[in-house]
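Enquirer: upload-v8.txt (compact mmCIF, C-alpha atoms) pasted underneath:
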# COMPACT_ATOMS: atom_id res chain seq x y z
CA MET A 1 0.00 0.00 0.00
CA GLU A 2 2.74 2.40 1.03
CA GLN A 3 4.77 1.46 -2.01
CA ILE A 4 1.86 2.17 -4.35
CA GLY A 5 1.21 5.59 -2.78
CA PHE A 6 4.85 6.50 -3.00
CA GLY A 7 4.94 5.36 -6.62
CA ILE A 8 1.94 7.50 -7.56
CA ILE A 9 3.37 10.55 -5.79
CA SER A 10 6.77 10.06 -7.45
CA ALA A 11 5.23 9.73 -10.91
CA CYS A 12 3.13 12.90 -10.44
CA LEU A 13 6.11 14.80 -9.03
CA LEU A 14 8.51 13.90 -11.83
CA GLY A 15 5.90 14.37 -14.56
CA ALA A 16 4.96 17.81 -13.30
CA ALA A 17 8.63 18.77 -12.93
CA LEU A 18 9.27 17.76 -16.54
CA GLY A 19 6.28 19.90 -17.49
CA VAL A 20 7.95 22.85 -15.75
CA VAL A 21 11.19 22.62 -17.69
CA THR A 22 9.86 21.60 -21.11
CA GLY A 23 6.74 23.76 -21.45
CA LYS A 24 6.75 26.18 -24.36
CA ASN A 25 4.43 28.60 -22.61
CA LEU A 26 5.84 30.04 -19.40
CA VAL A 27 2.39 30.46 -17.81
CA HIS A 28 1.89 26.71 -18.22
CA SER A 29 5.32 26.13 -16.70
CA VAL A 30 4.36 28.13 -13.63
CA LEU A 31 1.13 26.13 -13.28
CA TRP A 32 3.11 22.88 -13.58
CA LEU A 33 5.34 24.21 -10.82
CA ALA A 34 2.19 24.64 -8.69
CA VAL A 35 1.35 20.95 -9.32
CA THR A 36 4.92 19.98 -8.38
CA LEU A 37 4.77 21.93 -5.13
CA VAL A 38 1.37 20.55 -4.09
CA THR A 39 2.57 17.02 -4.85
CA THR A 40 5.61 17.73 -2.70
CA ALA A 41 3.23 18.69 0.11
CA ALA A 42 1.56 15.30 -0.35
CA LEU A 43 4.99 13.66 -0.11
CA TYR A 44 5.59 15.54 3.15
CA VAL A 45 2.34 14.16 4.55
CA PHE A 46 3.55 10.76 3.43
CA LEU A 47 6.77 11.32 5.37
CA ASN A 48 4.78 12.35 8.47
CA ALA A 49 5.81 16.02 8.20
CA THR A 50 2.32 17.51 8.30
CA PHE A 51 3.43 20.91 9.58
CA LEU A 52 5.81 21.29 6.66
CA ALA A 53 3.09 20.20 4.26
CA GLY A 54 0.92 23.06 5.49
CA ILE A 55 3.80 25.54 5.24
CA GLN A 56 4.52 24.29 1.74
CA VAL A 57 0.97 24.83 0.52
CA ILE A 58 0.56 28.25 2.14
CA LEU A 59 3.97 29.73 1.30
CA TYR A 60 4.84 28.10 -1.99
CA THR A 61 1.59 27.50 -3.77
CA GLY A 62 -0.05 30.54 -2.20
CA GLY A 63 2.80 33.02 -2.36
CA VAL A 64 5.46 31.98 -4.82
CA ILE A 65 3.14 30.84 -7.60
CA THR A 66 1.15 34.09 -7.44
CA LEU A 67 4.37 36.08 -7.55
CA MET A 68 5.70 34.05 -10.46
CA LEU A 69 2.48 34.51 -12.43
CA PHE A 70 2.69 38.25 -11.85
CA GLY A 71 6.31 38.16 -12.96
CA VAL A 72 5.46 36.33 -16.19
CA MET A 73 2.58 38.64 -17.00
CA LEU A 74 4.54 41.81 -16.23
CA THR A 75 7.49 40.90 -18.43
CA ARG A 76 6.00 39.72 -21.68
CA ARG A 77 7.01 41.68 -24.67
CA ASP A 78 3.83 41.65 -26.67
CA GLU A 79 0.26 41.33 -25.45
CA ARG A 80 -0.75 39.02 -28.30
CA VAL A 81 2.25 36.72 -28.26
CA MET A 82 2.48 33.89 -25.76
CA VAL A 83 5.56 34.03 -23.59
CA GLU A 84 7.63 31.73 -25.71
CA ASN A 85 10.56 29.80 -24.46
CA GLU A 86 13.40 29.85 -26.88
CA GLN A 87 15.27 26.60 -26.59
CA ASN A 88 17.65 25.67 -29.36
CA GLY A 89 18.88 22.17 -30.04
CA ARG A 90 22.51 22.38 -28.99
CA ARG A 91 21.77 24.11 -25.69
CA LEU A 92 19.10 21.49 -24.96
CA TRP A 93 21.51 18.60 -25.54
CA ILE A 94 24.23 20.12 -23.39
CA ALA A 95 21.75 20.79 -20.58
CA ALA A 96 20.33 17.24 -20.77
CA LEU A 97 23.82 15.75 -20.74
CA ALA A 98 24.85 17.83 -17.72
CA ALA A 99 21.68 16.92 -15.82
CA LEU A 100 22.05 13.20 -16.58
CA GLY A 101 25.71 13.27 -15.61
CA LEU A 102 24.89 14.95 -12.34
CA PHE A 103 22.16 12.37 -11.69
CA ALA A 104 24.56 9.48 -12.31
CA LEU A 105 27.15 11.06 -10.01
CA LEU A 106 24.65 11.62 -7.20
CA ALA A 107 23.13 8.16 -7.55
CA ALA A 108 26.55 6.51 -7.45
CA ALA A 109 27.45 8.54 -4.36
CA THR A 110 24.20 7.57 -2.63
CA PHE A 111 24.56 3.85 -3.32
CA LYS A 112 28.16 3.92 -2.09
CA THR A 113 27.34 5.70 1.17
CA PRO A 114 27.48 3.21 4.05
CA GLY A 115 25.25 3.38 7.10
CA LEU A 116 22.18 5.10 5.69
CA PRO A 117 19.31 4.64 8.18
CA ARG A 118 16.96 1.88 7.05
CA THR A 119 14.05 2.15 9.42
CA GLN A 120 11.78 5.10 10.07
CA ALA A 121 12.19 6.91 13.37
CA GLU A 122 9.46 8.27 15.64
CA PRO A 123 7.43 10.91 13.75
CA THR A 124 8.10 14.51 14.77
CA THR A 125 5.26 16.54 16.22
CA THR A 126 4.48 20.17 15.40
CA ASP A 127 4.81 20.84 19.11
CA ALA A 128 8.44 19.74 19.06
CA ILE A 129 9.18 21.85 15.98
CA GLY A 130 7.73 24.95 17.64
CA ARG A 131 9.77 24.33 20.78
CA ALA A 132 12.95 23.88 18.75
CA PHE A 133 12.28 27.17 16.94
CA LEU A 134 11.86 29.21 20.10
CA THR A 135 14.61 27.63 22.18
CA GLU A 136 17.49 26.06 20.31
CA HIS A 137 17.16 27.97 17.04
CA LEU A 138 15.89 31.29 18.40
CA LEU A 139 18.75 33.36 16.99
CA ALA A 140 18.36 31.88 13.50
CA PHE A 141 14.61 32.48 13.74
CA GLU A 142 15.08 36.18 14.53
CA VAL A 143 17.73 36.61 11.84
CA LEU A 144 15.31 35.03 9.39
CA SER A 145 12.64 37.61 10.19
CA LEU A 146 15.20 40.37 9.61
CA LEU A 147 16.08 38.77 6.27
CA LEU A 148 12.43 38.65 5.22
CA LEU A 149 12.05 42.34 6.12
CA ALA A 150 15.17 43.17 4.12
CA ALA A 151 13.90 41.17 1.12
CA MET A 152 10.55 42.94 1.29
CA VAL A 153 12.09 46.43 1.43
CA GLY A 154 14.63 45.47 -1.22
CA ALA A 155 11.97 44.21 -3.63
CA ILE A 156 9.92 47.40 -3.22
CA VAL A 157 12.96 49.64 -3.73
CA LEU A 158 14.12 47.66 -6.78
CA ALA A 159 10.81 47.34 -8.56
CA ARG A 160 9.08 50.64 -7.85
CA ARG A 161 8.79 53.17 -10.61
CA HIS A 162 10.72 56.39 -10.14
CA ASP A 163 7.92 58.87 -10.30
CA ALA A 164 9.02 62.49 -9.77
CA GLY A 165 5.54 63.66 -8.88
CA ALA A 166 5.11 61.06 -6.15
CA ASP A 167 8.21 62.26 -4.30
CA ALA A 168 6.89 65.81 -4.28
CA ARG A 169 3.61 64.59 -2.79
CA GLY A 170 5.57 62.77 -0.11
CA GLY A 171 4.40 59.29 -1.11
CA LEU A 172 6.08 56.36 -2.79
CA MET B 1 9.64 2.58 1.42
CA PRO B 2 13.40 2.82 1.99
CA LEU B 3 15.28 6.10 2.34
CA THR B 4 17.18 5.43 -0.87
CA SER B 5 14.06 5.66 -3.03
CA VAL B 6 13.13 9.05 -1.54
CA LEU B 7 16.69 10.21 -2.13
CA LEU B 8 16.54 9.01 -5.75
CA LEU B 9 13.28 10.90 -6.23
CA SER B 10 14.72 14.14 -4.89
CA MET B 11 17.86 13.60 -6.95
CA ALA B 12 15.81 13.24 -10.11
CA LEU B 13 13.88 16.39 -9.21
CA PHE B 14 17.13 18.28 -8.61
CA CYS B 15 18.54 17.18 -11.95
CA ILE B 16 15.35 18.23 -13.75
CA GLY B 17 15.83 21.62 -12.10
CA VAL B 18 19.43 21.76 -13.30
CA PHE B 19 18.24 20.93 -16.80
CA GLY B 20 15.70 23.77 -16.60
CA VAL B 21 18.28 26.30 -15.42
CA LEU B 22 20.72 25.32 -18.17
CA SER B 23 18.24 25.11 -21.03
CA ARG B 24 16.08 28.19 -20.47
CA ARG B 25 16.94 31.64 -21.73
CA ASN B 26 14.03 33.44 -20.12
CA ALA B 27 15.00 34.73 -16.66
CA ILE B 28 11.71 33.61 -15.12
CA GLY B 29 12.18 30.14 -16.62
CA ILE B 30 15.54 29.98 -14.85
CA LEU B 31 13.90 31.02 -11.57
CA LEU B 32 11.42 28.14 -12.01
CA GLY B 33 14.34 25.71 -12.35
CA VAL B 34 15.91 27.12 -9.19
CA GLU B 35 12.60 26.55 -7.40
CA LEU B 36 12.60 22.90 -8.43
CA MET B 37 16.13 22.47 -7.11
CA ALA B 38 15.26 24.11 -3.77
CA ASN B 39 12.23 21.86 -3.52
CA ALA B 40 14.38 18.76 -4.06
CA VAL B 41 16.70 19.89 -1.27
CA ASN B 42 13.75 20.30 1.10
CA ILE B 43 12.53 16.78 0.29
CA ASN B 44 15.98 15.50 1.22
CA LEU B 45 15.92 17.34 4.54
CA VAL B 46 12.47 16.01 5.43
CA ALA B 47 13.35 12.46 4.37
CA PHE B 48 16.44 12.41 6.55
CA SER B 49 14.52 13.84 9.48
CA ARG B 50 11.96 11.06 9.03
CA PHE B 51 14.49 8.27 8.98
CA GLN B 52 17.12 9.67 11.32
CA GLY B 53 14.68 11.02 13.88
CA GLY B 54 14.96 14.38 15.59
CA VAL B 55 13.45 17.71 14.80
CA VAL B 56 16.40 19.56 13.26
CA GLY B 57 15.75 18.40 9.70
CA GLN B 58 12.27 19.87 9.62
CA VAL B 59 13.35 23.10 11.33
CA PHE B 60 16.04 23.46 8.70
CA ALA B 61 13.51 22.78 5.95
CA VAL B 62 11.29 25.60 7.26
CA PHE B 63 14.29 27.95 7.17
CA ALA B 64 15.09 26.79 3.64
CA ILE B 65 11.51 27.43 2.48
CA ALA B 66 11.52 30.95 3.94
CA LEU B 67 14.89 31.69 2.32
CA THR B 68 13.61 30.45 -1.03
CA VAL B 69 10.60 32.73 -0.82
CA ALA B 70 12.83 35.72 -0.07
CA GLU B 71 15.05 34.73 -2.99
CA VAL B 72 12.06 34.57 -5.33
CA VAL B 73 10.89 38.01 -4.24
CA VAL B 74 14.24 39.66 -4.89
CA GLY B 75 14.80 37.63 -8.07
CA LEU B 76 11.48 38.69 -9.55
CA ALA B 77 12.14 42.32 -8.60
CA LEU B 78 15.44 42.09 -10.49
CA VAL B 79 13.73 40.48 -13.50
CA ILE B 80 11.13 43.25 -13.58
CA LEU B 81 13.93 45.84 -13.33
CA LEU B 82 15.76 44.12 -16.19
CA TYR B 83 12.60 44.15 -18.27
CA ARG B 84 12.06 47.83 -17.55
CA SER B 85 15.53 48.82 -18.64
CA ARG B 86 15.90 46.50 -21.66
CA LYS B 87 12.34 45.41 -22.57
CA ASP B 88 13.62 41.83 -22.61
CA VAL B 89 14.13 39.12 -20.00
CA ARG B 90 16.35 36.75 -21.98
CA VAL B 91 19.48 36.46 -19.89
CA ASP B 92 21.99 36.23 -22.73
CA GLU B 93 20.76 39.57 -24.07
CA ALA B 94 21.65 41.23 -20.76
CA ASN B 95 25.35 41.45 -21.48
CA ALA B 96 25.95 45.19 -21.19
CA LEU B 97 28.69 44.64 -18.60
CA SER B 98 30.63 41.99 -20.57
CA GLY B 99 33.87 43.19 -22.12
So that I can check it, write out the structure of this file as structure tokens.

Expert:
Amino acid sequence: MEQIGFGIISACLLGAALGVVTGKNLVHSVLWLAVTLVTTAALYVFLNATFLAGIQVILYTGGVITLMLFGVMLTRRDERVMVENEQNGRRLWIAALAALGLFALLAAATFKTPGLPRTQAEPTTTDAIGRAFLTEHLLAFEVLSLLLLAAMVGAIVLARRHDAGADARGGL
Amino acid sequence: MPLTSVLLLSMALFCIGVFGVLSRRNAIGILLGVELMANAVNINLVAFSRFQGGVVGQVFAVFAIALTVAEVVVGLALVILLYRSRKDVRVDEANALSG
């Protein structure tokens, strides 16, 4: 039963990921990425990481996908033309070769690694994760909030239009 | 379901992401590939936390997710800036600084 579920999730995940990188239309690619991320959330549930599954759906599929869609729509050159993805043959072959080579390397390394754990441990509870955040990893947690603030301010500063009239009115 | 099969899955996902980054010319397409790679890394962290026990793997995965979101925000701001100045988001056209 577990094997079948894992097989289905794997097939969906890899198929959707291939859709992301091979789609001709970037909007479709972003939607395939949404499928990939939701399937990953399902995999997290499968691995007994329910808290992370929730985070994944809220942050990634809620936030990142929306942002990406906005990005695609804001940067297309012509209203009538689909956002095309120019892939030429030689570049495609080199990229496929590099990816396959990397996969072979990683797989060989994994199969050679001794002492990988074979049995599943006790599942982690959300309670324990929250405690770890606010005790052991408190400093990292606070630094992370600073980073998010910096990213937010940075994105606004980078992407806002320089409007001379707005400065005179005292607004952004 | 052994750990190795989860690792193989995340490896395959990572390599698909690498393929996307290398084959795309559109800057947003490259960002999508980077997302896939980050996602594969998170799967690895969660899988090890499941099999090894302990909470650190999942805590680290939450940090990684938050960092990825921040990266996407800044990356998209840069892409929009690039589009505004050049009317084009193909990365090999943005070579004004190359000698």

Enquirer: Select, from B:Ile30, B:Val74, B:Asn42, B:Met37, the residue with the minimum atom-to-atom distance to chain A, counting all atoms listed in the file.

Expert: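 The closest residue to chain A is B:Val74.
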
Enquirer: Sorted by chain and rising residue number, list the residues of chain A at most 6 Å from chain B (counting only C-alpha atoms), each with its closest atom pair and distance in Å to one decimal, as CSV.

Expert:
residue,atom,partner,partner_atom,distance
A:Val21,CA,B:Gly20,CA,4.8
A:Arg91,CA,B:Ser23,CA,5.9
A:Leu92,CA,B:Ser23,CA,5.4
A:Ala95,CA,B:Phe19,CA,5.2
A:Ala96,CA,B:Phe19,CA,5.8
A:Ala99,CA,B:Cys15,CA,5.0
A:Gln120,CA,B:Phe51,CA,4.3
A:Ala121,CA,B:Gly53,CA,4.8
A:Ala151,CA,B:Ala70,CA,5.7
A:Ala155,CA,B:Val74,CA,5.2
A:Leu158,CA,B:Ala77,CA,6.0
A:Ala159,CA,B:Ala77,CA,5.2

Enquirer: To one decimal place, how far is CA of Val30 (chain A) from CA of Val72 (chain A) in Å?

Expert: 8.7 Å

Enquirer: Could you check which of A:Leu147, A:Ala34, A:Val157, A:Leu97 is closest to Gly63 (chain A), using all atoms listed in the file?

Expert: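 For Gly63 (chain A), the nearest of the given residues is A:Ala34.
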
Enquirer: Which value, in Å to one decimal, gives the distance between CA of Trp32 (chain A) and CA of Val20 (chain A)?

Expert: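 So the answer is 5.3 Å.
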
Enquirer: Mind giving me the straight-line distance from CA of Ile156 (chain A) to CA of Phe141 (chain A) in Å, one decimal?

Expert: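 One can read the CA of Ile156 (chain A) to CA of Phe141 (chain A) distance as 23.1 Å.
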